[in-house]
file coords-v4.cif (mmCIF, C-alpha atoms)
data_run
#
loop_
_atom_site.label_atom_id
_atom_site.label_comp_id
_atom_site.auth_asym_id
_atom_site.auth_seq_id
_atom_site.Cartn_x
_atom_site.Cartn_y
_atom_site.Cartn_z
CA SER A 74 0.00 0.00 0.00
CA VAL A 75 2.92 2.34 0.71
CA LEU A 76 4.33 1.57 -2.74
CA SER A 77 0.95 2.28 -4.35
CA ARG A 78 0.59 5.66 -2.61
CA TYR A 79 4.14 6.61 -3.63
CA GLU A 80 3.51 5.68 -7.28
CA ASN A 81 0.25 7.66 -7.32
CA GLN A 82 2.04 10.75 -5.98
CA ILE A 83 4.76 10.45 -8.62
CA THR A 84 2.18 10.03 -11.38
CA ILE A 85 0.10 13.03 -10.24
CA LEU A 86 3.22 15.21 -10.02
CA SER A 87 4.52 14.17 -13.43
CA ASP A 88 1.17 14.96 -15.05
CA TYR A 89 1.82 18.64 -14.34
CA LEU A 90 5.38 18.46 -15.62
CA GLU A 91 4.73 16.62 -18.89
CA GLU A 92 3.16 19.39 -20.95
CA PHE A 93 4.01 19.14 -24.63
CA PRO A 94 5.88 22.02 -26.27
CA GLU A 95 4.68 24.11 -29.18
CA THR A 96 6.77 22.86 -32.08
CA ASP A 97 6.73 22.61 -35.86
CA GLU A 98 8.11 19.10 -35.63
CA PRO A 99 5.46 16.41 -36.27
CA VAL A 100 4.41 13.93 -33.60
CA TRP A 101 3.83 10.32 -34.63
CA ILE A 102 1.34 8.16 -32.74
CA LEU A 103 0.75 4.58 -33.92
CA GLY A 104 1.00 5.38 -37.61
CA ARG A 105 -0.73 8.78 -37.45
CA GLN A 106 0.96 12.16 -37.76
CA HIS A 107 -0.06 15.14 -35.58
CA HIS A 108 1.01 18.78 -35.50
CA LEU A 109 1.01 20.28 -32.01
CA ASN A 110 1.21 23.89 -33.14
CA THR A 111 -2.02 23.67 -35.14
CA ASP A 112 -4.17 20.95 -33.53
CA LYS A 113 -2.99 19.76 -30.14
CA SER A 114 -6.55 18.78 -29.16
CA LYS A 115 -6.69 16.18 -31.95
CA PHE A 116 -3.42 14.74 -30.68
CA LEU A 117 -4.73 14.49 -27.12
CA LEU A 118 -7.95 12.85 -28.35
CA ASP A 119 -5.86 10.24 -30.14
CA ILE A 120 -4.00 9.53 -26.89
CA SER A 121 -7.16 9.25 -24.79
CA ALA A 122 -8.72 6.80 -27.26
CA ARG A 123 -6.08 4.17 -26.43
CA LEU A 124 -7.09 1.69 -23.75
CA TRP A 125 -4.93 2.40 -20.70
CA PHE A 126 -4.31 -0.48 -18.31
CA THR A 127 -2.67 0.18 -14.97
CA TYR A 128 -2.03 -1.60 -11.72
CA ARG A 129 -5.27 -2.54 -9.95
CA ARG A 130 -6.08 -3.58 -6.40
CA LYS A 131 -8.90 -5.44 -4.65
CA PHE A 132 -9.52 -7.98 -7.41
CA SER A 133 -10.09 -11.66 -6.56
CA PRO A 134 -6.82 -13.37 -5.52
CA ILE A 135 -4.92 -14.85 -8.46
CA GLY A 136 -5.15 -18.63 -8.31
CA GLY A 137 -7.50 -18.37 -5.33
CA THR A 138 -4.76 -17.69 -2.78
CA GLY A 139 -2.37 -15.40 -4.66
CA PRO A 140 -2.05 -11.61 -4.77
CA SER A 141 -5.14 -9.40 -5.10
CA SER A 142 -3.11 -6.53 -6.59
CA ASP A 143 -0.41 -6.42 -9.25
CA ALA A 144 1.20 -3.20 -7.94
CA GLY A 145 4.97 -3.47 -8.14
CA TRP A 146 5.16 -6.46 -10.49
CA GLY A 147 2.46 -6.35 -13.20
CA CYS A 148 3.60 -3.37 -15.29
CA MET A 149 4.85 -5.40 -18.27
CA LEU A 150 1.67 -7.50 -18.23
CA ARG A 151 -0.37 -4.28 -18.33
CA CYS A 152 1.72 -3.01 -21.25
CA GLY A 153 1.10 -6.28 -23.08
CA GLN A 154 -2.62 -5.83 -22.45
CA MET A 155 -2.44 -2.31 -23.93
CA MET A 156 -0.70 -3.48 -27.09
CA LEU A 157 -3.18 -6.33 -27.58
CA ALA A 158 -6.13 -4.03 -26.85
CA GLN A 159 -4.93 -1.65 -29.55
CA ALA A 160 -4.88 -4.56 -31.99
CA LEU A 161 -8.47 -5.45 -31.05
CA ILE A 162 -9.58 -1.83 -31.42
CA CYS A 163 -8.10 -1.80 -34.94
CA ARG A 164 -9.70 -5.17 -35.67
CA HIS A 165 -13.27 -4.26 -34.66
CA LEU A 166 -13.50 -0.45 -34.63
CA GLY A 167 -10.67 0.77 -36.85
CA ARG A 168 -7.54 2.82 -36.12
CA ASP A 169 -9.42 6.13 -36.39
CA TRP A 170 -12.09 5.28 -33.81
CA GLN A 171 -12.26 7.88 -31.05
CA TRP A 172 -13.37 7.64 -27.43
CA GLU A 173 -15.23 10.45 -25.70
CA LYS A 174 -16.13 10.57 -22.04
CA HIS A 175 -19.80 9.75 -21.28
CA LYS A 176 -20.48 9.02 -24.95
CA LYS A 177 -22.29 5.78 -25.79
CA GLN A 178 -19.87 3.33 -27.36
CA PRO A 179 -20.55 0.36 -29.65
CA GLU A 180 -21.04 -3.10 -28.18
CA GLU A 181 -17.73 -4.27 -29.72
CA TYR A 182 -15.91 -1.72 -27.59
CA HIS A 183 -17.39 -3.09 -24.37
CA ARG A 184 -16.68 -6.65 -25.48
CA ILE A 185 -13.04 -5.72 -26.03
CA LEU A 186 -12.82 -4.07 -22.63
CA ARG A 187 -14.42 -7.07 -20.92
CA CYS A 188 -11.63 -9.28 -22.26
CA PHE A 189 -9.16 -7.44 -19.99
CA LEU A 190 -11.06 -7.01 -16.72
CA ASP A 191 -9.33 -8.38 -13.61
CA ARG A 192 -11.36 -11.57 -13.33
CA LYS A 193 -10.15 -15.14 -13.60
CA ASP A 194 -12.72 -15.87 -16.33
CA CYS A 195 -11.71 -13.01 -18.68
CA CYS A 196 -9.45 -14.20 -21.47
CA TYR A 197 -6.68 -11.58 -21.16
CA SER A 198 -7.03 -10.70 -17.46
CA ILE A 199 -4.09 -10.27 -15.13
CA HIS A 200 -5.12 -13.65 -13.67
CA GLN A 201 -4.84 -15.49 -16.98
CA MET A 202 -1.60 -13.77 -17.97
CA ALA A 203 0.09 -14.41 -14.62
CA GLN A 204 -0.98 -18.06 -14.57
CA MET A 205 0.01 -18.64 -18.19
CA GLY A 206 3.39 -17.13 -17.31
CA VAL A 207 4.04 -20.07 -15.01
CA GLY A 208 4.48 -22.17 -18.16
CA GLU A 209 7.13 -19.66 -19.27
CA GLY A 210 9.07 -20.10 -16.04
CA LYS A 211 7.67 -17.05 -14.25
CA SER A 212 6.18 -17.35 -10.77
CA ILE A 213 2.99 -15.42 -10.04
CA GLY A 214 4.10 -12.00 -8.84
CA GLU A 215 7.39 -12.14 -10.76
CA TRP A 216 8.27 -9.40 -13.25
CA PHE A 217 7.95 -10.28 -16.97
CA GLY A 218 10.20 -9.18 -19.82
CA PRO A 219 8.92 -8.17 -23.29
CA ASN A 220 9.53 -11.62 -24.83
CA THR A 221 7.77 -13.45 -21.98
CA VAL A 222 4.63 -11.33 -22.24
CA ALA A 223 4.63 -11.87 -26.02
CA GLN A 224 4.74 -15.66 -25.53
CA VAL A 225 1.90 -15.46 -22.99
CA LEU A 226 -0.30 -13.44 -25.36
CA LYS A 227 0.44 -15.94 -28.13
CA LYS A 228 -0.79 -18.83 -25.94
CA LEU A 229 -3.87 -17.06 -24.57
CA ALA A 230 -4.99 -16.00 -28.06
CA LEU A 231 -5.49 -19.68 -28.93
CA PHE A 232 -8.48 -19.74 -26.54
CA ASP A 233 -10.04 -16.52 -27.90
CA GLU A 234 -12.40 -17.48 -30.72
CA TRP A 235 -14.25 -14.18 -30.99
CA ASN A 236 -11.20 -12.08 -31.89
CA SER A 237 -9.65 -15.00 -33.82
CA LEU A 238 -6.15 -13.54 -33.95
CA ALA A 239 -3.06 -15.21 -35.35
CA VAL A 240 -0.21 -14.20 -33.03
CA TYR A 241 3.27 -14.54 -34.45
CA VAL A 242 6.28 -13.94 -32.18
CA SER A 243 9.51 -13.77 -34.17
CA MET A 244 12.55 -15.87 -33.28
CA ASP A 245 16.20 -14.80 -33.47
CA ASN A 246 15.30 -11.32 -34.77
CA THR A 247 13.85 -12.91 -37.91
CA VAL A 248 10.36 -12.56 -39.40
CA VAL A 249 9.51 -15.36 -41.86
CA ILE A 250 6.89 -14.37 -44.45
CA GLU A 251 6.16 -17.97 -45.45
CA ASP A 252 5.39 -19.00 -41.86
CA ILE A 253 3.09 -16.03 -41.24
CA LYS A 254 1.05 -16.68 -44.36
CA LYS A 255 0.81 -20.35 -43.46
CA MET A 256 -0.49 -19.43 -40.00
CA CYS A 257 -2.94 -16.73 -41.11
CA TRP A 258 -4.72 -18.66 -43.86
CA SER A 259 -7.36 -21.00 -42.45
CA PRO A 260 -8.40 -24.21 -44.24
CA PRO A 261 -11.55 -23.88 -46.38
CA GLN A 262 -14.92 -24.82 -44.90
CA SER A 263 -17.52 -26.97 -46.57
CA SER A 264 -20.93 -25.42 -47.11
CA SER A 265 -22.49 -27.65 -44.45
CA VAL A 266 -19.90 -26.60 -41.88
CA ALA A 267 -20.28 -22.97 -42.84
CA HIS A 268 -24.04 -23.27 -42.39
CA SER A 269 -23.70 -24.92 -38.99
CA SER A 270 -21.32 -22.20 -37.81
CA ALA A 271 -23.81 -19.45 -38.56
CA HIS A 272 -25.28 -19.75 -35.07
CA VAL A 273 -22.89 -18.02 -32.70
CA HIS A 274 -22.87 -18.15 -28.91
CA ARG A 275 -22.00 -14.71 -27.60
CA SER A 276 -20.30 -14.38 -24.28
CA ALA A 277 -20.30 -11.61 -21.71
CA LEU A 278 -16.52 -11.92 -21.80
CA GLY A 279 -16.18 -10.86 -25.39
CA TRP A 280 -15.77 -14.39 -26.74
CA ASN A 281 -17.83 -16.48 -29.10
CA ARG A 282 -17.94 -20.10 -30.06
CA ASN A 283 -19.19 -21.77 -33.19
CA ALA A 284 -19.72 -25.35 -34.25
CA ALA A 285 -16.74 -25.32 -36.59
CA GLY A 286 -14.24 -23.89 -34.14
CA PHE A 287 -12.56 -21.80 -36.84
CA CYS A 288 -13.34 -19.38 -39.63
CA THR A 289 -12.22 -19.15 -43.23
CA GLY A 290 -9.97 -16.57 -44.81
CA TRP A 291 -7.06 -14.53 -43.51
CA LYS A 292 -6.90 -14.46 -39.71
CA PRO A 293 -5.99 -10.95 -38.50
CA LEU A 294 -2.32 -10.91 -37.57
CA LEU A 295 -0.75 -9.66 -34.35
CA LEU A 296 2.98 -9.60 -35.11
CA ILE A 297 5.36 -9.16 -32.17
CA ILE A 298 9.11 -8.81 -32.70
CA PRO A 299 11.22 -9.09 -29.51
CA LEU A 300 14.57 -7.35 -30.00
CA ARG A 301 17.80 -6.54 -28.22
CA LEU A 302 18.97 -3.16 -29.54
CA GLY A 303 22.30 -3.10 -27.76
CA ILE A 304 24.11 -4.66 -24.79
CA ASN A 305 23.74 -2.39 -21.77
CA HIS A 306 22.38 0.65 -23.61
CA ILE A 307 20.53 1.13 -26.88
CA ASN A 308 22.88 1.36 -29.84
CA PRO A 309 22.35 4.76 -31.58
CA VAL A 310 22.54 3.04 -34.99
CA TYR A 311 19.05 1.59 -34.37
CA ILE A 312 17.29 4.84 -33.43
CA ASP A 313 16.11 5.94 -36.88
CA ALA A 314 14.79 2.47 -37.75
CA PHE A 315 13.06 2.21 -34.37
CA LYS A 316 11.31 5.54 -34.97
CA GLU A 317 10.27 4.48 -38.48
CA CYS A 318 8.24 1.62 -36.96
CA PHE A 319 5.91 4.13 -35.25
CA LYS A 320 5.19 5.75 -38.62
CA MET A 321 3.87 2.54 -40.19
CA PRO A 322 0.05 2.35 -40.42
CA GLN A 323 0.27 -1.17 -38.95
CA SER A 324 2.08 0.06 -35.82
CA LEU A 325 0.99 -1.13 -32.37
CA GLY A 326 3.92 0.61 -30.70
CA ALA A 327 6.49 -1.13 -28.53
CA LEU A 328 6.88 -2.79 -25.14
CA GLY A 329 9.92 -1.81 -23.12
CA GLY A 330 11.17 0.73 -20.62
CA LYS A 331 13.85 0.50 -17.99
CA PRO A 332 14.93 -2.48 -15.84
CA ASN A 333 11.85 -3.69 -13.91
CA ASN A 334 9.91 -0.63 -15.07
CA ALA A 335 7.79 -1.25 -18.18
CA TYR A 336 6.06 1.28 -20.43
CA TYR A 337 3.85 1.06 -23.52
CA PHE A 338 5.49 3.23 -26.19
CA ILE A 339 3.02 4.61 -28.72
CA GLY A 340 4.99 7.23 -30.65
CA PHE A 341 7.72 9.85 -30.69
CA LEU A 342 8.48 13.54 -30.95
CA GLY A 343 12.02 14.26 -32.13
CA ASN A 344 14.32 12.09 -30.03
CA GLU A 345 11.77 11.55 -27.29
CA LEU A 346 9.49 8.53 -27.04
CA ILE A 347 5.86 8.98 -26.00
CA TYR A 348 4.41 6.33 -23.73
CA LEU A 349 1.49 5.29 -21.55
CA ASP A 350 2.55 4.50 -18.01
CA PRO A 351 0.89 1.62 -16.09
CA HIS A 352 2.41 2.68 -12.74
CA THR A 353 -0.77 4.03 -11.19
CA THR A 354 -2.77 1.83 -8.83
CA GLN A 355 -6.55 1.98 -9.30
CA SER A 356 -9.36 -0.07 -7.80
CA PHE A 357 -10.81 -3.11 -9.53
CA VAL A 358 -13.67 -2.37 -11.94
CA ASP A 359 -16.22 -5.01 -12.94
CA TRP A 360 -18.83 -4.91 -15.68
CA GLU A 361 -22.38 -3.75 -15.06
CA GLU A 362 -25.45 -5.99 -15.24
CA ASN A 363 -26.12 -4.85 -18.82
CA GLY A 364 -22.58 -5.83 -19.88
CA THR A 365 -21.17 -2.30 -20.12
CA VAL A 366 -18.12 -1.15 -18.19
CA ASP A 367 -17.57 2.12 -16.32
CA ASP A 368 -14.63 2.89 -18.57
CA GLU A 369 -13.36 6.31 -17.53
CA SER A 370 -10.40 4.87 -15.59
CA PHE A 371 -9.34 2.88 -18.69
CA HIS A 372 -8.42 6.00 -20.70
CA CYS A 373 -5.53 8.36 -20.00
CA GLN A 374 -7.04 11.84 -20.17
CA GLN A 375 -3.87 13.85 -19.55
CA ALA A 376 -0.77 14.56 -21.60
CA PRO A 377 1.24 11.33 -21.95
CA HIS A 378 4.76 10.84 -20.65
CA ARG A 379 7.99 11.25 -22.60
CA MET A 380 11.52 9.93 -22.29
CA LYS A 381 14.70 10.28 -24.32
CA ILE A 382 15.22 7.35 -26.69
CA MET A 383 18.78 6.88 -25.43
CA ASN A 384 17.41 6.17 -21.93
CA LEU A 385 15.47 3.17 -23.26
CA ASP A 386 16.53 -0.29 -22.09
CA PRO A 387 17.75 -2.21 -25.18
CA SER A 388 15.30 -5.08 -24.57
CA VAL A 389 12.07 -4.20 -26.43
CA ALA A 390 9.26 -5.80 -28.42
CA LEU A 391 7.73 -4.15 -31.48
CA GLY A 392 4.06 -4.77 -32.30
CA PHE A 393 2.17 -4.61 -35.60
CA PHE A 394 -1.40 -5.45 -36.65
CA CYS A 395 -2.39 -6.59 -40.13
CA LYS A 396 -6.14 -7.09 -40.51
CA GLU A 397 -5.91 -8.24 -44.13
CA GLU A 398 -3.21 -9.94 -46.17
CA CYS A 399 -2.70 -6.73 -48.14
CA ASP A 400 -1.84 -4.95 -44.87
CA PHE A 401 0.88 -7.51 -44.22
CA ASP A 402 2.20 -7.26 -47.78
CA ASN A 403 2.32 -3.47 -47.38
CA TRP A 404 4.17 -3.85 -44.06
CA CYS A 405 6.76 -6.10 -45.73
CA SER A 406 7.31 -3.46 -48.43
CA LEU A 407 7.72 -0.70 -45.84
CA VAL A 408 10.22 -2.78 -43.87
CA GLN A 409 12.29 -3.42 -47.00
CA LYS A 410 12.20 0.25 -47.99
CA GLU A 411 12.47 2.10 -44.68
CA ILE A 412 14.38 -0.27 -42.40
CA LEU A 413 16.38 -2.98 -44.16
CA LYS A 414 17.76 -1.15 -47.20
CA GLN A 415 18.99 1.85 -45.20
CA GLN A 416 20.59 0.06 -42.28
CA SER A 417 24.13 -1.25 -42.15
CA LEU A 418 23.31 -2.96 -38.84
CA ARG A 419 19.79 -4.31 -39.21
CA MET A 420 17.30 -4.13 -36.36
CA PHE A 421 15.72 -7.41 -37.54
CA GLU A 422 15.60 -9.61 -40.64
CA LEU A 423 12.65 -10.22 -42.97
CA VAL A 424 13.00 -13.40 -45.04
CA GLN A 425 10.69 -15.06 -47.54
CA LYS A 426 11.35 -18.73 -46.77
CA HIS A 427 11.58 -20.69 -43.54
CA PRO A 428 15.31 -21.13 -42.71
CA PRO A 429 16.30 -24.74 -43.48
CA HIS A 430 18.33 -25.13 -40.28
CA TRP A 431 15.32 -24.21 -38.10
CA PRO A 432 12.84 -26.82 -36.83
CA PRO A 433 9.76 -27.12 -39.10
CA PHE A 434 7.13 -24.43 -38.53
CA VAL A 435 3.87 -25.75 -37.15
CA PRO A 436 1.05 -23.19 -36.70
CA PRO A 437 -0.02 -23.18 -33.03
CA THR A 438 -3.38 -24.72 -32.15
CA LYS A 439 -5.45 -24.74 -28.98
CA PRO A 440 -4.26 -27.66 -26.82
CA GLU A 441 -6.79 -30.29 -25.83
CA VAL A 442 -5.32 -30.51 -22.33
CA THR A 443 -3.19 -27.91 -20.64
CA THR A 444 -1.98 -27.21 -17.13
CA THR A 445 -1.53 -23.43 -17.07
CA GLY A 446 -4.67 -22.83 -19.14
CA ALA A 447 -6.90 -25.42 -17.47
CA GLU A 448 -8.75 -22.90 -15.37
CA LEU A 449 -9.41 -20.81 -18.49
CA ILE A 450 -10.96 -23.74 -20.35
CA GLU A 451 -13.01 -24.85 -17.36
CA SER A 452 -14.37 -21.40 -16.58
CA THR A 453 -15.35 -20.63 -20.17
CA ASP A 454 -16.99 -24.01 -20.67
CA LYS A 455 -19.13 -23.35 -17.59
CA LEU A 456 -19.98 -19.93 -18.98
CA PHE A 457 -21.10 -21.38 -22.30
CA GLU A 458 -23.28 -23.92 -20.45
CA LEU A 459 -24.93 -21.07 -18.54
CA GLU A 460 -25.46 -19.13 -21.77
CA GLU A 461 -27.12 -22.10 -23.43
CA GLU A 462 -29.43 -22.54 -20.43
CA PHE A 463 -30.27 -18.84 -20.57
CA GLU A 464 -31.05 -19.06 -24.29
CA ILE A 465 -33.40 -22.00 -23.70
CA LEU A 466 -35.17 -20.16 -20.88
CA SER A 467 -35.46 -17.04 -23.05
CA VAL A 468 -37.13 -19.05 -25.81
#
call {"tool": "encode", "arguments": {"input": "coords-v4.cif", "output": "structure tokens"}}
result
Amino acid sequence: SVLSRYENQITILSDYLEEFPETDEPVWILGRQHHLNTDKSKFLLDISARLWFTYRRKFSPIGGTGPSSDAGWGCMLRCGQMMLAQALICRHLGRDWQWEKHKKQPEEYHRILRCFLDRKDCCYSIHQMAQMGVGEGKSIGEWFGPNTVAQVLKKLALFDEWNSLAVYVSMDNTVVIEDIKKMCWSPPQSSSVAHSSAHVHRSALGWNRNAAGFCTGWKPLLLIIPLRLGINHINPVYIDAFKECFKMPQSLGALGGKPNNAYYFIGFLGNELIYLDPHTTQSFVDWEENGTVDDESFHCQQAPHRMKIMNLDPSVALGFFCKEECDFDNWCSLVQKEILKQQSLRMFELVQKHPPHWPPFVPPTKPEVTTTGAELIESTDKLFELEEEFEILSV
């Protein structure tokens, strides 16, 4: 509790110190350009539209007997939630969707938000992420790095049929085009299967389930690239390429920060990075009886924080979202043009074919039996049973 009060005081103080300057230099936020000297309000609206996840307290204990707050250890998990939430916003509402306080929002928005509430039965809750981290060698309450949170999101996405994301986490600083296309293209459905999948069970958690268990066509891609941009400090040779990533229309920003202090980076101004800070402890918020969420505490309504790029820890993870195959093809072209061709020391590699010395690529599938995800499967199955009973009673 002392730590939480201290962090709140620091956050409140910094809000008054972080005013943005009047400048002719453009600001880039997740693929969008803003000009502070002509339209700062539009820039601030773009910031406030991002879902902002922070430490929370007074939620049900993780695992039944674990911590009921993630203050002091959950900052990277919260940053991972923010990156994934931005992907889901782009998937269902579009990059240019805006949030306004007290304004009625579409049902998809509330479904997205419900995925991240601090409940053991929400698919991307702090409970599910912490427990899935056990399979990655992280004890509950232990700090995650960017790569670990990427692996956790990749596993949890296998259980999320409503959003139906393909999550690709690159290995050895290498993105393989062939593997991504293999993962994102689903097998074709027969007409009978397609007909049987037309009836969808909708969940209060923002999930759905159909008889087929999968859908046809390109699965929207969440691409995460864990990187090491130096040894003890970021190598200046990577700075321009790193900034270029925030200009791409597919950008989901980056996970990173300082040792044991994670931030969600969403853009830059000059040689300063702009980020959302999860280090504020708020009380647990649940959904209302009608399925909506009191969402004001999930949006940062003040000027965001900034830090010099050279102060960034070299361990980061870049995020990109490609809703359609053409988005991914465009991203590949931008990488070749803006990052690979201009860099003597490349930030990462983009290759067409699967490297022959690597193990064969097998697209991940939802496991039939799992240890770290067992509670997730059990809780959602019970939920679906309740929904079916409710539907029968309604009829």
call {"tool": "resolve_selection", "arguments": {"input": "coords-v4.cif", "expression": "the PyMOL selection byres ((chain A and resi 369) around 12)", "output": "list in words"}}
result
Ser121, Ala122, Arg123, Leu124, Trp125, Phe126, Trp172, Glu173, Lys174, His175, Lys176, Leu186, Gln355, Val358, Thr365, Val366, Asp367, Asp368, Ser370, Phe371, His372, Cys373 and Gln374 of chain A
call {"tool": "axis_aligned_box", "arguments": {"input": "coords-v4.cif", "around": "segment 155-169 of chain A", "padding_each_side": "5 Å", "output": "AutoDock Vina command-line options"}}
result
--center_x -7.1 --center_y -0.1 --center_z -30.4 --size_x 22.8 --size_y 22.5 --size_z 22.9
call {"tool": "resolve_selection", "arguments": {"input": "coords-v4.cif", "expression": "the PyMOL selection byres ((chain A and resi 314-328) around 6)", "output": "PDB file with C-alpha atoms, in the coordinates of the input"}}
result
ATOM      1  CA  LEU A 103       0.750   4.580 -33.920  1.00  0.00           C
ATOM      2  CA  GLY A 104       1.000   5.380 -37.610  1.00  0.00           C
ATOM      3  CA  TYR A 311      19.050   1.590 -34.370  1.00  0.00           C
ATOM      4  CA  ILE A 312      17.290   4.840 -33.430  1.00  0.00           C
ATOM      5  CA  ASP A 313      16.110   5.940 -36.880  1.00  0.00           C
ATOM      6  CA  GLY A 329       9.920  -1.810 -23.120  1.00  0.00           C
ATOM      7  CA  TYR A 337       3.850   1.060 -23.520  1.00  0.00           C
ATOM      8  CA  PHE A 338       5.490   3.230 -26.190  1.00  0.00           C
ATOM      9  CA  ILE A 339       3.020   4.610 -28.720  1.00  0.00           C
ATOM     10  CA  GLY A 340       4.990   7.230 -30.650  1.00  0.00           C
ATOM     11  CA  VAL A 389      12.070  -4.200 -26.430  1.00  0.00           C
ATOM     12  CA  ALA A 390       9.260  -5.800 -28.420  1.00  0.00           C
ATOM     13  CA  LEU A 391       7.730  -4.150 -31.480  1.00  0.00           C
ATOM     14  CA  GLY A 392       4.060  -4.770 -32.300  1.00  0.00           C
ATOM     15  CA  PHE A 393       2.170  -4.610 -35.600  1.00  0.00           C
ATOM     16  CA  PHE A 394      -1.400  -5.450 -36.650  1.00  0.00           C
ATOM     17  CA  ILE A 412      14.380  -0.270 -42.400  1.00  0.00           C
TER      18      ILE A 412
END
call {"tool": "residues_around", "arguments": {"input": "coords-v4.cif", "residues": "Leu150 of chain A", "least_positions_apart": "2", "cutoff": "9 Å", "atoms": "all atoms listed in the file", "output": "MDAnalysis selection string"}}
result
chainID A and resid 146:148 152:155 199 202:203 216:219 222 335
call {"tool": "closest_atom_pairs", "arguments": {"input": "coords-v4.cif", "of": "segment 149-259 of chain A", "to": "segment 128-140 of chain A", "cutoff": "10 Å", "atoms": "all atoms listed in the file", "output": "JSON lines"}}
result
{"residue": "A:Leu150", "atom": "CA", "partner": "A:Tyr128", "partner_atom": "CA", "distance": 9.5}
{"residue": "A:Arg151", "atom": "CA", "partner": "A:Tyr128", "partner_atom": "CA", "distance": 7.3}
{"residue": "A:Leu190", "atom": "CA", "partner": "A:Phe132", "partner_atom": "CA", "distance": 9.5}
{"residue": "A:Asp191", "atom": "CA", "partner": "A:Phe132", "partner_atom": "CA", "distance": 6.2}
{"residue": "A:Arg192", "atom": "CA", "partner": "A:Ser133", "partner_atom": "CA", "distance": 6.9}
{"residue": "A:Lys193", "atom": "CA", "partner": "A:Ile135", "partner_atom": "CA", "distance": 7.3}
{"residue": "A:Ile199", "atom": "CA", "partner": "A:Ile135", "partner_atom": "CA", "distance": 8.1}
{"residue": "A:His200", "atom": "CA", "partner": "A:Ile135", "partner_atom": "CA", "distance": 5.4}
{"residue": "A:Gln201", "atom": "CA", "partner": "A:Ile135", "partner_atom": "CA", "distance": 8.5}
{"residue": "A:Ala203", "atom": "CA", "partner": "A:Ile135", "partner_atom": "CA", "distance": 8.0}
{"residue": "A:Gln204", "atom": "CA", "partner": "A:Gly136", "partner_atom": "CA", "distance": 7.5}
{"residue": "A:Ile213", "atom": "CA", "partner": "A:Gly139", "partner_atom": "CA", "distance": 7.6}
{"residue": "A:Gly214", "atom": "CA", "partner": "A:Pro140", "partner_atom": "CA", "distance": 7.4}
call {"tool": "atom_distance", "arguments": {"input": "coords-v4.cif", "atom1": "atom CA of Gly167 of chain A", "atom2": "atom CA of Trp291 of chain A"}}
result
17.1 Å
call {"tool": "residues_around", "arguments": {"input": "coords-v4.cif", "residues": "segment 242-255 of chain A", "least_positions_apart": "4", "cutoff": "9 Å", "atoms": "all atoms listed in the file", "output": "list in words"}}
result
Asn220, Ala223, Gln224, Lys227, Ser259, Trp291, Leu294, Leu295, Leu296, Ile297, Ile298, Pro299, Leu300, Arg301, Glu398, Cys405, Met420, Phe421, Glu422, Leu423, Val424, Gln425, Lys426, His427, Pro428, Phe434, Val435 and Pro436 of chain A
call {"tool": "atom_distance", "arguments": {"input": "coords-v4.cif", "atom1": "atom CA of Asn344 of chain A", "atom2": "atom CA of Pro309 of chain A"}}
result
11.0 Å
call {"tool": "atom_distance", "arguments": {"input": "coords-v4.cif", "atom1": "atom CA of Leu109 of chain A", "atom2": "atom CA of Tyr348 of chain A"}}
result
16.6 Å
call {"tool": "residues_around", "arguments": {"input": "coords-v4.cif", "residues": "Tyr182 of chain A", "least_positions_apart": "4", "cutoff": "8 Å", "atoms": "all atoms listed in the file", "output": "list in words"}}
result
Ile162, His165, Leu166, Gln178 and Leu186 of chain A
call {"tool": "closest_residue", "arguments": {"input": "coords-v4.cif", "among": "A:Trp360, A:Trp404, A:Trp170, A:Trp431", "to": "Arg187 of chain A", "atoms": "only C-alpha atoms"}}
result
A:Trp360
call {"tool": "resolve_selection", "arguments": {"input": "coords-v4.cif", "expression": "the PyMOL selection byres ((chain A and resi 188) around 7)", "output": "ChimeraX atom specification"}}
result
/A:184-187,189-190,195-198,278-279
call {"tool": "closest_residue", "arguments": {"input": "coords-v4.cif", "among": "A:Asp119, A:Arg419, A:Leu413, A:Ala376", "to": "Glu92 of chain A", "atoms": "all atoms listed in the file"}}
result
A:Ala376
call {"tool": "residues_around", "arguments": {"input": "coords-v4.cif", "residues": "Cys395 of chain A", "least_positions_apart": "3", "cutoff": "6 Å", "atoms": "all atoms listed in the file", "output": "ChimeraX atom specification"}}
result
/A:293-294,400-401
